[in-house]
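Asks: Have a look at this one before I ask anything.
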Amino acid sequence: MMRRTLENRNAQTKQLQTAVSNVEKHFGELCQIFAAYVRKTARLRDKADLLVNEINTYAATETPHLKLGLMNFADEFARLQDYRQAEVERLEAKVVEPLKAYGTIVKMKRDDLKATFTARNREAKQLTQLERTRQRNPSDRHIIVSFEFRSLKKNLRYGVQKQ
């Protein structure tokens, strides 16, 4: 019964470790790709702003009708770039920053898993020692109970330090 519980815990811990590693790998990749996308979109916006300035410069040298058409086009194109700027800001705030935060969360979860592994190994070692004590002196309940009491005190002490 105790063996099966330990195996279940081991399986759960391994599954959590796999999940954390998976998130770490894929969310890091997603964060890098989205950040690159945002940078390229911002560069495109900058190039479009240069294009608007050049159109306005060219419009200043043309006839009144062509000048009006070019300036209207440049204004509309500039408005499109305002939307692109809003897209860049939204992507940065709503996508890239939350994905960056997952790096810290994953590190904390990895530390939690490490503490779980340590506690599980300590518990398995104590159970092995208890079994050995029971096998050596099966009739001496006093030794077995005192061993269990010491183990319990150690676990409680460790739990208080950990929190």
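Chain labels follow the order of the structure tokens: the first chain is A, the next B, and so on; residue numbering restarts at 1 in every chain, and ligands are counted from 1 in their shown order.
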Set out as a Markdown table a contact list for region 43-107 of chain A and region 30-37 of chain A with a cut-off of 7 Å, giving each residue of region 43-107 of chain A that qualifies its closest atom pair and distance in Å to one decimal, counting only C-alpha atoms, ordered by chain and rising residue number.
Replies:
```
| residue | atom | partner | partner_atom | distance |
| --- | --- | --- | --- | --- |
| A:Val96 | CA | A:Cys31 | CA | 5.9 |
| A:Leu99 | CA | A:Cys31 | CA | 5.6 |
| A:Lys100 | CA | A:Cys31 | CA | 6.6 |
```
Asks: Would you mind exporting the chosen residues as a PDB file, in the first residue's frame, restricted to N, CA and C atoms?
Replies:
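Contents of the output file part.pdb:
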```
ATOM      1  N   VAL A  96       3.461  40.020 -25.090  1.00  0.00           N
ATOM      2  CA  VAL A  96       4.884  39.809 -24.799  1.00  0.00           C
ATOM      3  C   VAL A  96       5.171  39.892 -23.294  1.00  0.00           C
ATOM      4  N   LEU A  99       3.942  36.841 -21.347  1.00  0.00           N
ATOM      5  CA  LEU A  99       4.773  35.673 -21.654  1.00  0.00           C
ATOM      6  C   LEU A  99       6.115  35.757 -20.942  1.00  0.00           C
ATOM      7  N   LYS A 100       6.660  36.968 -20.817  1.00  0.00           N
ATOM      8  CA  LYS A 100       7.918  37.137 -20.085  1.00  0.00           C
ATOM      9  C   LYS A 100       7.735  36.754 -18.617  1.00  0.00           C
TER      10      LYS A 100
END
```
Asks: Quick one: distance from CA of Glu89 (chain A) to CA of Ile55 (chain A) in Å, one decimal?
Replies: 25.9 Å
Asks: Residues within 9 Å of region 10-13 of chain A, please, as a PyMOL selection string. Count only C-alpha atoms; anything in the same chain fewer than 2 positions from it doesn't count.
Replies: chain A and resi 5-8+15-18+113+116-117+120
